[in-house]
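Here is the file coords20.pdb (PDB, C-alpha atoms).
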MODEL        1
ATOM      1  CA  MET A 169     192.978  -2.402 -75.724
ATOM      2  CA  ARG A 170     190.162  -1.944 -73.225
ATOM      3  CA  GLU A 171     191.234  -0.412 -69.912
ATOM      4  CA  LYS A 172     190.774  -2.281 -66.638
ATOM      5  CA  GLN A 173     188.655  -0.051 -64.431
ATOM      6  CA  PHE A 174     188.184  -0.015 -60.665
ATOM      7  CA  LYS A 175     185.414  -2.301 -59.412
ATOM      8  CA  THR A 176     183.625  -1.944 -56.095
ATOM      9  CA  LEU A 177     183.256  -4.966 -53.810
ATOM     10  CA  ASP A 178     179.640  -5.329 -54.935
ATOM     11  CA  GLU A 179     180.740  -5.295 -58.567
ATOM     12  CA  GLN A 180     183.461  -7.849 -57.850
ATOM     13  CA  ILE A 181     180.882 -10.130 -56.252
ATOM     14  CA  GLU A 182     178.592  -9.776 -59.265
ATOM     15  CA  ILE A 183     181.420 -10.645 -61.658
ATOM     16  CA  LEU A 184     182.170 -13.836 -59.746
ATOM     17  CA  LYS A 185     178.493 -14.790 -59.546
ATOM     18  CA  HIS A 186     178.064 -14.068 -63.265
ATOM     19  CA  LYS A 187     180.854 -16.575 -63.932
ATOM     20  CA  GLY A 188     178.972 -19.220 -61.956
ATOM     21  CA  LEU A 189     180.711 -19.043 -58.583
ATOM     22  CA  ILE A 190     178.389 -19.815 -55.673
ATOM     23  CA  ILE A 191     178.664 -17.183 -52.928
ATOM     24  CA  ASN A 192     176.773 -18.292 -49.824
ATOM     25  CA  ASP A 193     177.732 -15.339 -47.637
ATOM     26  CA  GLU A 194     178.287 -12.096 -49.528
ATOM     27  CA  ASN A 195     179.454 -10.158 -46.488
ATOM     28  CA  TYR A 196     182.097 -12.777 -45.778
ATOM     29  CA  ALA A 197     183.186 -12.772 -49.431
ATOM     30  CA  LYS A 198     183.435  -8.973 -49.458
ATOM     31  CA  GLU A 199     185.575  -9.004 -46.322
ATOM     32  CA  ILE A 200     187.948 -11.543 -47.886
ATOM     33  CA  LEU A 201     188.129  -9.653 -51.193
ATOM     34  CA  LEU A 202     188.901  -6.412 -49.391
ATOM     35  CA  ARG A 203     191.516  -8.017 -47.158
ATOM     36  CA  GLU A 204     193.186 -10.255 -49.717
ATOM     37  CA  ASN A 205     192.629  -8.437 -53.054
ATOM     38  CA  TYR A 206     190.274  -9.576 -55.796
ATOM     39  CA  PHE A 207     193.119  -9.848 -58.303
ATOM     40  CA  PHE A 208     195.022 -12.400 -56.194
ATOM     41  CA  ILE A 209     191.958 -14.384 -55.181
ATOM     42  CA  SER A 210     190.788 -14.663 -58.800
ATOM     43  CA  GLY A 211     194.283 -15.843 -59.762
ATOM     44  CA  TYR A 212     193.390 -19.201 -58.213
ATOM     45  CA  ARG A 213     190.270 -19.726 -60.323
ATOM     46  CA  HIS A 214     191.814 -21.736 -63.174
ATOM     47  CA  LEU A 215     191.524 -25.177 -61.540
ATOM     48  CA  PHE A 216     187.821 -24.545 -61.000
ATOM     49  CA  MET A 217     186.924 -23.403 -64.512
ATOM     50  CA  SER A 218     184.879 -25.497 -66.919
ATOM     51  CA  ASP A 219     186.710 -27.260 -69.747
ATOM     52  CA  SER A 220     183.845 -26.516 -72.133
ATOM     53  CA  ASP A 221     183.662 -22.845 -71.142
ATOM     54  CA  PRO A 222     186.922 -21.567 -69.577
ATOM     55  CA  LYS A 223     185.186 -18.331 -68.525
ATOM     56  CA  ARG A 224     182.717 -20.128 -66.267
ATOM     57  CA  PHE A 225     183.207 -22.061 -63.060
ATOM     58  CA  ILE A 226     182.431 -25.753 -62.816
ATOM     59  CA  THR A 227     178.908 -26.273 -61.527
ATOM     60  CA  GLY A 228     178.823 -26.183 -57.752
ATOM     61  CA  VAL A 229     182.103 -24.328 -57.064
ATOM     62  CA  THR A 230     181.823 -22.128 -53.980
ATOM     63  CA  PHE A 231     183.725 -19.034 -52.921
ATOM     64  CA  GLU A 232     184.952 -20.999 -49.906
ATOM     65  CA  GLU A 233     186.609 -23.559 -52.200
ATOM     66  CA  LEU A 234     188.333 -20.839 -54.185
ATOM     67  CA  TYR A 235     189.548 -19.206 -50.991
ATOM     68  CA  SER A 236     190.712 -22.554 -49.573
ATOM     69  CA  LEU A 237     193.092 -22.970 -52.523
ATOM     70  CA  PHE A 238     194.362 -19.438 -51.922
ATOM     71  CA  LEU A 239     194.981 -20.273 -48.248
ATOM     72  CA  PHE A 240     196.644 -23.564 -49.151
ATOM     73  CA  ASP A 241     199.059 -21.791 -51.463
ATOM     74  CA  ARG A 242     199.880 -19.272 -48.738
ATOM     75  CA  GLN A 243     200.615 -22.094 -46.291
ATOM     76  CA  PHE A 244     202.543 -24.029 -48.936
ATOM     77  CA  ARG A 245     204.560 -20.915 -49.784
ATOM     78  CA  ASN A 246     205.400 -20.296 -46.118
ATOM     79  CA  ILE A 247     206.559 -23.898 -45.682
ATOM     80  CA  ILE A 248     208.782 -23.692 -48.753
ATOM     81  CA  PHE A 249     210.095 -20.249 -47.824
ATOM     82  CA  LYS A 250     211.331 -21.191 -44.369
ATOM     83  CA  ASN A 251     213.141 -24.205 -45.812
ATOM     84  CA  LEU A 252     214.689 -22.066 -48.531
ATOM     85  CA  LEU A 253     216.022 -19.819 -45.764
ATOM     86  CA  ILE A 254     217.587 -22.862 -44.090
ATOM     87  CA  ILE A 255     219.355 -23.780 -47.329
ATOM     88  CA  GLU A 256     220.390 -20.173 -47.916
ATOM     89  CA  ASN A 257     221.993 -19.981 -44.479
ATOM     90  CA  ASN A 258     223.674 -23.383 -44.898
ATOM     91  CA  PHE A 259     225.046 -22.570 -48.335
ATOM     92  CA  LYS A 260     226.353 -19.162 -47.244
ATOM     93  CA  SER A 261     228.112 -20.836 -44.330
ATOM     94  CA  ILE A 262     229.675 -23.531 -46.511
ATOM     95  CA  ILE A 263     230.875 -21.214 -49.286
ATOM     96  CA  SER A 264     232.269 -18.646 -46.840
ATOM     97  CA  TYR A 265     234.090 -21.368 -44.905
ATOM     98  CA  ARG A 266     235.668 -22.761 -48.067
ATOM     99  CA  LEU A 267     236.807 -19.406 -49.432
ATOM    100  CA  SER A 268     237.953 -18.014 -46.069
ATOM    101  CA  GLN A 269     239.998 -21.109 -45.301
ATOM    102  CA  LYS A 270     241.651 -21.047 -48.712
ATOM    103  CA  TYR A 271     242.022 -17.348 -49.536
ATOM    104  CA  GLY A 272     241.876 -15.455 -46.240
ATOM    105  CA  TYR A 273     239.302 -13.658 -44.130
ATOM    106  CA  LYS A 274     239.803 -10.003 -45.169
ATOM    107  CA  GLU A 275     237.967  -8.653 -48.199
ATOM    108  CA  ASN A 276     241.267  -7.539 -49.767
ATOM    109  CA  ASP A 277     242.271 -11.209 -49.674
ATOM    110  CA  TYR A 278     239.132 -13.172 -50.552
ATOM    111  CA  LEU A 279     237.945 -10.705 -53.221
ATOM    112  CA  LYS A 280     241.050 -10.884 -55.381
ATOM    113  CA  PRO A 281     240.124 -11.719 -59.018
ATOM    114  CA  LYS A 282     242.782 -14.457 -59.135
ATOM    115  CA  ASN A 283     240.773 -16.427 -56.563
ATOM    116  CA  PHE A 284     238.009 -16.990 -59.107
ATOM    117  CA  ASP A 285     237.557 -18.558 -62.530
ATOM    118  CA  THR A 286     240.296 -16.996 -64.663
ATOM    119  CA  SER A 287     238.887 -18.016 -68.053
ATOM    120  CA  VAL A 288     238.418 -15.185 -70.537
ATOM    121  CA  GLU A 289     234.664 -15.721 -70.829
ATOM    122  CA  LYS A 290     234.247 -15.281 -67.076
ATOM    123  CA  THR A 291     236.416 -12.162 -66.681
ATOM    124  CA  ARG A 292     233.613  -9.619 -66.967
ATOM    125  CA  GLN A 293     231.272 -11.573 -64.681
ATOM    126  CA  VAL A 294     234.015 -11.975 -62.054
ATOM    127  CA  ASN A 295     234.829  -8.263 -62.079
ATOM    128  CA  ASP A 296     231.156  -7.274 -61.974
ATOM    129  CA  LEU A 297     230.384  -9.557 -59.033
ATOM    130  CA  ILE A 298     233.409  -8.383 -57.064
ATOM    131  CA  LYS A 299     232.152  -4.813 -57.588
ATOM    132  CA  LYS A 300     228.696  -5.820 -56.356
ATOM    133  CA  MET A 301     230.143  -7.373 -53.205
ATOM    134  CA  LYS A 302     232.355  -4.359 -52.496
ATOM    135  CA  ARG A 303     229.325  -2.118 -53.015
ATOM    136  CA  GLN A 304     227.439  -4.138 -50.418
ATOM    137  CA  ILE A 305     230.298  -3.568 -47.990
ATOM    138  CA  ARG A 306     230.133   0.194 -48.608
ATOM    139  CA  VAL A 307     226.347   0.496 -48.574
ATOM    140  CA  ASN A 308     225.315  -2.041 -45.925
ATOM    141  CA  GLY A 309     228.498  -2.399 -43.900
ATOM    142  CA  ARG A 310     227.433   0.152 -41.302
ATOM    143  CA  GLN A 311     223.716  -0.659 -41.368
ATOM    144  CA  HIS A 312     223.911  -4.176 -39.886
ATOM    145  CA  SER A 313     225.144  -4.848 -36.359
ATOM    146  CA  ALA A 314     227.520  -7.679 -37.268
ATOM    147  CA  THR A 315     229.185  -5.937 -40.215
ATOM    148  CA  TYR A 316     229.310  -2.641 -38.310
ATOM    149  CA  HIS A 317     231.009  -4.382 -35.396
ATOM    150  CA  TYR A 318     233.804  -5.739 -37.585
ATOM    151  CA  LEU A 319     234.266  -2.499 -39.497
ATOM    152  CA  SER A 320     234.395  -0.452 -36.324
ATOM    153  CA  ASN A 321     236.665  -2.742 -34.345
ATOM    154  CA  TYR A 322     238.824  -4.425 -36.967
ATOM    155  CA  GLY A 323     238.484  -2.376 -40.157
ATOM    156  CA  TYR A 324     237.374  -5.286 -42.337
ATOM    157  CA  ILE A 325     234.437  -7.656 -42.788
ATOM    158  CA  PRO A 326     235.120 -11.427 -42.908
ATOM    159  CA  LEU A 327     233.298 -13.298 -45.647
ATOM    160  CA  TRP A 328     231.343 -15.345 -43.099
ATOM    161  CA  VAL A 329     229.871 -12.063 -41.867
ATOM    162  CA  LEU A 330     229.542 -10.392 -45.278
ATOM    163  CA  VAL A 331     227.344 -13.207 -46.623
ATOM    164  CA  LYS A 332     224.676 -12.179 -44.119
ATOM    165  CA  VAL A 333     224.032  -8.985 -46.100
ATOM    166  CA  LEU A 334     224.432 -10.540 -49.549
ATOM    167  CA  SER A 335     221.320 -11.676 -51.378
ATOM    168  CA  PHE A 336     220.935 -15.355 -52.177
ATOM    169  CA  GLY A 337     221.062 -14.342 -55.847
ATOM    170  CA  ILE A 338     224.527 -12.816 -55.441
ATOM    171  CA  VAL A 339     225.797 -15.794 -53.450
ATOM    172  CA  SER A 340     224.387 -18.167 -56.079
ATOM    173  CA  GLU A 341     226.194 -16.228 -58.787
ATOM    174  CA  LEU A 342     229.337 -16.284 -56.653
ATOM    175  CA  TYR A 343     229.312 -20.078 -56.859
ATOM    176  CA  SER A 344     229.227 -19.927 -60.660
ATOM    177  CA  ILE A 345     232.497 -17.948 -60.855
ATOM    178  CA  LEU A 346     234.519 -19.995 -58.374
ATOM    179  CA  ARG A 347     237.525 -21.994 -59.435
ATOM    180  CA  LEU A 348     236.658 -25.527 -60.496
ATOM    181  CA  ASP A 349     238.154 -27.200 -57.426
ATOM    182  CA  ASP A 350     236.136 -24.914 -55.135
ATOM    183  CA  ARG A 351     232.908 -25.635 -57.017
ATOM    184  CA  VAL A 352     233.601 -29.365 -56.867
ATOM    185  CA  ALA A 353     234.346 -29.307 -53.123
ATOM    186  CA  ILE A 354     231.103 -27.477 -52.353
ATOM    187  CA  ALA A 355     229.028 -29.670 -54.688
ATOM    188  CA  GLU A 356     230.447 -32.810 -53.061
ATOM    189  CA  PHE A 357     229.032 -31.673 -49.730
ATOM    190  CA  TYR A 358     225.557 -31.915 -51.292
ATOM    191  CA  ARG A 359     226.428 -35.093 -53.237
ATOM    192  CA  VAL A 360     225.604 -33.523 -56.587
ATOM    193  CA  ASP A 361     227.638 -32.534 -59.617
ATOM    194  CA  ILE A 362     228.698 -28.923 -60.162
ATOM    195  CA  ASN A 363     226.311 -28.296 -63.063
ATOM    196  CA  SER A 364     223.313 -29.573 -61.128
ATOM    197  CA  LEU A 365     224.233 -27.468 -58.104
ATOM    198  CA  ALA A 366     224.597 -24.346 -60.270
ATOM    199  CA  THR A 367     221.100 -24.965 -61.684
ATOM    200  CA  TYR A 368     219.690 -25.704 -58.223
ATOM    201  CA  LEU A 369     221.041 -22.448 -56.820
ATOM    202  CA  GLN A 370     219.518 -20.370 -59.612
ATOM    203  CA  LEU A 371     216.138 -22.014 -59.124
ATOM    204  CA  LEU A 372     216.308 -21.664 -55.341
ATOM    205  CA  ALA A 373     217.132 -17.959 -55.636
ATOM    206  CA  ASN A 374     214.181 -17.472 -58.001
ATOM    207  CA  TYR A 375     211.799 -19.368 -55.712
ATOM    208  CA  ARG A 376     213.037 -17.375 -52.736
ATOM    209  CA  ASN A 377     212.054 -14.153 -54.504
ATOM    210  CA  LEU A 378     208.712 -15.601 -55.568
ATOM    211  CA  CYS A 379     207.898 -16.617 -51.989
ATOM    212  CA  ALA A 380     209.101 -13.324 -50.515
ATOM    213  CA  HIS A 381     206.776 -11.382 -52.835
ATOM    214  CA  GLU A 382     203.824 -13.735 -52.190
ATOM    215  CA  ASP A 383     203.337 -14.680 -55.820
ATOM    216  CA  ILE A 384     201.256 -17.725 -56.744
ATOM    217  CA  LEU A 385     203.455 -20.742 -56.032
ATOM    218  CA  PHE A 386     201.596 -24.014 -56.444
ATOM    219  CA  GLU A 387     201.340 -23.985 -60.239
ATOM    220  CA  ASN A 388     204.657 -22.271 -60.968
ATOM    221  CA  ARG A 389     206.843 -23.640 -63.742
ATOM    222  CA  THR A 390     210.451 -22.670 -64.385
ATOM    223  CA  GLN A 391     212.252 -22.209 -67.687
ATOM    224  CA  LYS A 392     215.204 -24.250 -66.472
ATOM    225  CA  ILE A 393     214.777 -27.977 -65.976
ATOM    226  CA  ILE A 394     216.754 -30.131 -63.582
ATOM    227  CA  ASN A 395     218.595 -33.264 -64.635
ATOM    228  CA  ASP A 396     217.056 -36.681 -64.089
ATOM    229  CA  THR A 397     217.814 -38.017 -60.600
ATOM    230  CA  ILE A 398     217.616 -41.313 -58.760
ATOM    231  CA  TYR A 399     214.404 -40.027 -57.154
ATOM    232  CA  HIS A 400     212.619 -39.866 -60.508
ATOM    233  CA  LYS A 401     213.513 -43.504 -61.070
ATOM    234  CA  LEU A 402     212.802 -44.852 -57.592
ATOM    235  CA  LEU A 403     209.400 -43.147 -57.447
ATOM    236  CA  ASN A 404     208.508 -44.646 -60.842
ATOM    237  CA  ILE A 405     207.456 -41.264 -62.185
ATOM    238  CA  PRO A 406     205.715 -41.839 -65.535
ATOM    239  CA  LYS A 407     207.277 -40.631 -68.753
ATOM    240  CA  ILE A 408     205.790 -38.840 -71.746
ATOM    241  CA  ASP A 409     207.811 -39.091 -74.974
ATOM    242  CA  GLY A 410     210.786 -40.302 -72.947
ATOM    243  CA  ASN A 411     210.701 -37.413 -70.466
ATOM    244  CA  TYR A 412     209.561 -37.599 -66.858
ATOM    245  CA  GLU A 413     206.094 -36.119 -66.414
ATOM    246  CA  TYR A 414     206.843 -34.650 -62.990
ATOM    247  CA  GLY A 415     209.893 -33.317 -61.210
ATOM    248  CA  LYS A 416     211.647 -31.460 -64.024
ATOM    249  CA  ASN A 417     210.541 -27.802 -63.920
ATOM    250  CA  ASP A 418     207.623 -27.923 -61.493
ATOM    251  CA  LEU A 419     207.246 -27.822 -57.715
ATOM    252  CA  PHE A 420     208.249 -31.455 -57.390
ATOM    253  CA  ALA A 421     211.565 -30.538 -59.013
ATOM    254  CA  LEU A 422     211.936 -28.059 -56.165
ATOM    255  CA  ILE A 423     211.135 -30.810 -53.641
ATOM    256  CA  ILE A 424     213.867 -32.945 -55.224
ATOM    257  CA  ILE A 425     216.336 -30.059 -54.848
ATOM    258  CA  LEU A 426     215.300 -29.618 -51.220
ATOM    259  CA  LYS A 427     215.743 -33.356 -50.700
ATOM    260  CA  GLN A 428     219.326 -33.058 -51.929
ATOM    261  CA  MET A 429     220.187 -29.994 -49.847
ATOM    262  CA  LEU A 430     218.278 -30.355 -46.569
ATOM    263  CA  SER A 431     219.075 -32.806 -43.782
ATOM    264  CA  ASP A 432     217.021 -36.003 -43.444
ATOM    265  CA  VAL A 433     215.122 -34.603 -40.469
ATOM    266  CA  GLU A 434     214.400 -31.342 -42.269
ATOM    267  CA  ILE A 435     213.043 -33.042 -45.400
ATOM    268  CA  LYS A 436     210.815 -35.321 -43.305
ATOM    269  CA  ASN A 437     209.389 -32.305 -41.492
ATOM    270  CA  LEU A 438     208.876 -30.523 -44.804
ATOM    271  CA  VAL A 439     206.940 -33.454 -46.256
ATOM    272  CA  LEU A 440     204.806 -33.768 -43.109
ATOM    273  CA  GLU A 441     203.899 -30.074 -43.203
ATOM    274  CA  ILE A 442     202.972 -30.135 -46.887
ATOM    275  CA  SER A 443     200.953 -33.335 -46.385
ATOM    276  CA  HIS A 444     199.023 -31.666 -43.575
ATOM    277  CA  ALA A 445     198.323 -28.617 -45.762
ATOM    278  CA  LEU A 446     197.109 -30.872 -48.577
ATOM    279  CA  ASP A 447     194.836 -32.791 -46.186
ATOM    280  CA  ASN A 448     193.244 -29.517 -45.069
ATOM    281  CA  LEU A 449     192.720 -28.485 -48.681
ATOM    282  CA  LYS A 450     191.239 -31.881 -49.568
ATOM    283  CA  TYR A 451     188.708 -31.502 -46.753
ATOM    284  CA  ASN A 452     187.530 -28.173 -48.186
ATOM    285  CA  LEU A 453     187.277 -29.256 -51.822
ATOM    286  CA  HIS A 454     183.926 -30.470 -53.166
ATOM    287  CA  SER A 455     183.813 -29.701 -56.876
ATOM    288  CA  ILE A 456     187.274 -30.997 -57.822
ATOM    289  CA  LYS A 457     189.492 -33.814 -56.562
ATOM    290  CA  ILE A 458     192.753 -33.271 -54.706
ATOM    291  CA  GLU A 459     194.449 -35.252 -57.489
ATOM    292  CA  LYS A 460     193.740 -32.369 -59.849
ATOM    293  CA  VAL A 461     195.579 -30.029 -57.505
ATOM    294  CA  LEU A 462     198.513 -32.440 -57.186
ATOM    295  CA  ASP A 463     198.788 -32.641 -60.954
ATOM    296  CA  ARG A 464     198.830 -28.840 -61.238
ATOM    297  CA  ILE A 465     201.546 -28.666 -58.573
ATOM    298  CA  GLY A 466     203.542 -31.309 -60.414
ATOM    299  CA  PHE A 467     203.363 -33.866 -57.612
ATOM    300  CA  PRO A 468     203.091 -37.572 -58.451
ATOM    301  CA  LEU A 469     200.558 -39.364 -56.257
ATOM    302  CA  ASN A 470     203.373 -40.984 -54.258
ATOM    303  CA  TRP A 471     205.305 -37.704 -53.909
ATOM    304  CA  ASP A 472     205.662 -38.017 -50.132
ATOM    305  CA  ASP A 473     207.637 -41.277 -50.460
ATOM    306  CA  ILE A 474     210.672 -39.122 -51.277
ATOM    307  CA  ALA A 475     211.125 -38.488 -47.545
ATOM    308  CA  ASN A 476     211.963 -42.156 -46.973
ATOM    309  CA  ILE A 477     214.418 -42.620 -49.843
ATOM    310  CA  LEU A 478     218.064 -42.666 -48.815
ATOM    311  CA  LYS A 479     220.143 -39.935 -50.419
ATOM    312  CA  GLU A 480     222.396 -40.813 -53.330
TER     313      GLU A 480
ENDMDL
END
Will you turn the file into structure tokens for me?
Amino acid sequence: MREKQFKTLDEQIEILKHKGLIINDENYAKEILLRENYFFISGYRHLFMSDSDPKRFITGVTFEELYSLFLFDRQFRNIIFKNLLIIENNFKSIISYRLSQKYGYKENDYLKPKNFDTSVEKTRQVNDLIKKMKRQIRVNGRQHSATYHYLSNYGYIPLWVLVKVLSFGIVSELYSILRLDDRVAIAEFYRVDINSLATYLQLLANYRNLCAHEDILFENRTQKIINDTIYHKLLNIPKIDGNYEYGKNDLFALIIILKQMLSDVEIKNLVLEISHALDNLKYNLHSIKIEKVLDRIGFPLNWDDIANILKE
């Protein structure tokens, strides 16, 4: 296998030009490549490549267009990320309230194995997760002001405080090992079934990590698919071989999850922000249509109508 060797900014520019990308201002392009990283910028090239020759850009594609897609994805990612944080905070509050009310507010009470799914197949997962949570108390308990306050003054950390130092991944897994009645009660708050909520939480935790590490978002696809919802039907999303074309394992599936878990005001604001970002991108595109971007995202053309649909 041929090694990938370091390329200077001049060499990076020549590679892009050799592939047919129009660079009107080389100094500007070099500044962007240095600041943003050639590898990440070039990761957005696929929508602009020729169907007949995937190694060459479509005739007329400019560096500014390529960079505009990069900037759109950054804005899109930031919009999604802040809404994921809202859901994370809400879910942590709801799960800690439920468990604290039912099992107590000291870790020796709420972390008892009998409080969780007691089936044989869940035993190892329950024990492992309890160990993880206790480890977080030991490791992070004195590093955060809220947890330190409770440890210092009361000698324990309530769950509603502990969740602040638990990752969304751990809290998502915590939901999966709860007793059935606890899972049902929490799922009913979001008006979804327990299996859908378990899938949603896994996907949300994965997207949170993707956004936090600034990976490419707009064309991401997940291995897990979400169940069909009323939103697929009401938006008349087309089907291929009996399966919905959009909203199953793409970014529109994420929008559907956010629709279920955010408030009406929050989802309307989310849709407005994404629409504004798409309008800016559309203005800067010349060689491809915005519809091509929407298709790659997984958005149906009427995607924004989801903001006006009443929840199930």
Would you please work out which residue, of A:Asn321, A:Glu275, A:Phe231, A:Asn476, is nearest to Leu402 (chain A) when using only C-alpha atoms?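 Between A:Asn321, A:Glu275, A:Phe231, A:Asn476, the residue approaching Leu402 (chain A) most closely is A:Asn476.
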With distances taken over all atoms listed in the file, the candidate from A:Tyr368, A:Tyr412, A:Tyr316, A:Phe216 nearest Ser340 (chain A) is A:Tyr368
Result set of the PyMOL selection byres ((chain A and resi 440-452) around 9) on the coordinates above, as a ChimeraX atom specification: /A:232-233,236-237,239-241,243-244,247-248,435-439,453-454,457-458,462,472
Would you mind exporting C-alpha atoms of the selected residues as an mmCIF file, in the coordinates of the input?
data_model
loop_
_atom_site.group_PDB
_atom_site.id
_atom_site.type_symbol
_atom_site.label_atom_id
_atom_site.label_comp_id
_atom_site.auth_asym_id
_atom_site.auth_seq_id
_atom_site.Cartn_x
_atom_site.Cartn_y
_atom_site.Cartn_z
ATOM 1 C CA GLU A 232 184.952 -20.999 -49.906
ATOM 2 C CA GLU A 233 186.609 -23.559 -52.200
ATOM 3 C CA SER A 236 190.712 -22.554 -49.573
ATOM 4 C CA LEU A 237 193.092 -22.970 -52.523
ATOM 5 C CA LEU A 239 194.981 -20.273 -48.248
ATOM 6 C CA PHE A 240 196.644 -23.564 -49.151
ATOM 7 C CA ASP A 241 199.059 -21.791 -51.463
ATOM 8 C CA GLN A 243 200.615 -22.094 -46.291
ATOM 9 C CA PHE A 244 202.543 -24.029 -48.936
ATOM 10 C CA ILE A 247 206.559 -23.898 -45.682
ATOM 11 C CA ILE A 248 208.782 -23.692 -48.753
ATOM 12 C CA ILE A 435 213.043 -33.042 -45.400
ATOM 13 C CA LYS A 436 210.815 -35.321 -43.305
ATOM 14 C CA ASN A 437 209.389 -32.305 -41.492
ATOM 15 C CA LEU A 438 208.876 -30.523 -44.804
ATOM 16 C CA VAL A 439 206.940 -33.454 -46.256
ATOM 17 C CA LEU A 453 187.277 -29.256 -51.822
ATOM 18 C CA HIS A 454 183.926 -30.470 -53.166
ATOM 19 C CA LYS A 457 189.492 -33.814 -56.562
ATOM 20 C CA ILE A 458 192.753 -33.271 -54.706
ATOM 21 C CA LEU A 462 198.513 -32.440 -57.186
ATOM 22 C CA ASP A 472 205.662 -38.017 -50.132
#
Using all atoms listed in the file, which protein or nucleic acid residues come within 12 Å of Arg266 (chain A)? Drop anything in the same chain fewer than 2 positions from it, and give the result as a list in words.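 Result of the neighbour search: Phe259, Lys260, Ser261, Ile262, Ile263, Ser264, Ser268, Gln269, Lys270, Tyr271, Gly272, Tyr273, Tyr278, Asn283, Leu327, Trp328, Tyr343, Leu346, Arg347, Asp349, Asp350, Arg351, Val352, Ala353, Ile354, Ala355 and Phe357 of chain A.
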Rank nothing, just name the residue among A:Ser364, A:Thr291, A:Thr230, A:Ser313 nearest to Ile456 (chain A), using only C-alpha atoms. A:Thr230
Show me, as a count of residues only, the residues that have an atom within 7 Å of region 202-211 of chain A when counting all atoms listed in the file, minus same-chain residues fewer than 2 positions from it. 6
Determine the nearest neighbour of Arg464 (chain A) from the options A:Ile423, A:Ile393, A:Leu253, A:Leu215, counting only C-alpha atoms.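 Going through A:Ile423, A:Ile393, A:Leu253, A:Leu215 one by one, the smallest distance to Arg464 (chain A) is for A:Leu215.
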Using only C-alpha atoms, which residue out of A:Thr397, A:Phe336, A:Asp473, A:Leu330 lies closest to Thr315 (chain A)?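 For Thr315 (chain A), the nearest of the candidates is A:Leu330.
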May I have the protein, DNA and RNA residues with an atom at most 9 Å from (181.6, -8.4, -52.1), counting all atoms listed in the file in the file's coordinates, returned as a ChimeraX atom specification? /A:176-182,194-202
I'd like the residues picked by the PyMOL selection byres ((chain A and resi 301-307) around 12) written out as a ChimeraX atom specification, using the chain letters and numbers from the file. /A:274-276,278-280,294-300,308-312,314-316,318-319,323-327,329-335,337-339,341-342
Can you tell me how far CA of Lys479 (chain A) sits from CA of Gln428 (chain A), in Å to one decimal?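 Those two atoms sit 7.1 Å apart.
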By how many Å are CA of Arg376 (chain A) and CA of Phe249 (chain A) apart?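 CA of Arg376 (chain A) sits 6.4 Å away from CA of Phe249 (chain A).
If you measure from each of A:Leu372, A:Gly466, A:Ser431, A:His400 to Glu387 (chain A) using all atoms listed in the file, the closest one turns out to be A:Gly466.
In this structure, CA of Asn470 (chain A) sits 23.2 Å away from CA of Tyr375 (chain A).
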For the file shown, report as a list in words the outcome of the PyMOL selection byres ((chain A and resi 399) around 9) at residue level. Asp396, Thr397, Ile398, His400, Lys401, Leu402, Leu403, Asn404, Ile405, Ile424, Ile474, Ile477, Lys479 and Glu480 of chain A
Would you kindly return, as a compact mmCIF listing (two decimals) with C-alpha atoms, in the coordinates of the input, each protein, DNA or RNA residue with an atom no farther than 10 Å from any atom of Leu430 (chain A), considering only C-alpha atoms and excluding same-chain residues fewer than 5 positions away?
# COMPACT_ATOMS: atom_id res chain seq x y z
CA ASN A 251 213.14 -24.20 -45.81
CA LEU A 252 214.69 -22.07 -48.53
CA ILE A 254 217.59 -22.86 -44.09
CA ILE A 255 219.36 -23.78 -47.33
CA ASN A 258 223.67 -23.38 -44.90
CA TYR A 358 225.56 -31.92 -51.29
CA ILE A 425 216.34 -30.06 -54.85
CA ILE A 435 213.04 -33.04 -45.40
CA LYS A 436 210.82 -35.32 -43.30
CA LEU A 438 208.88 -30.52 -44.80
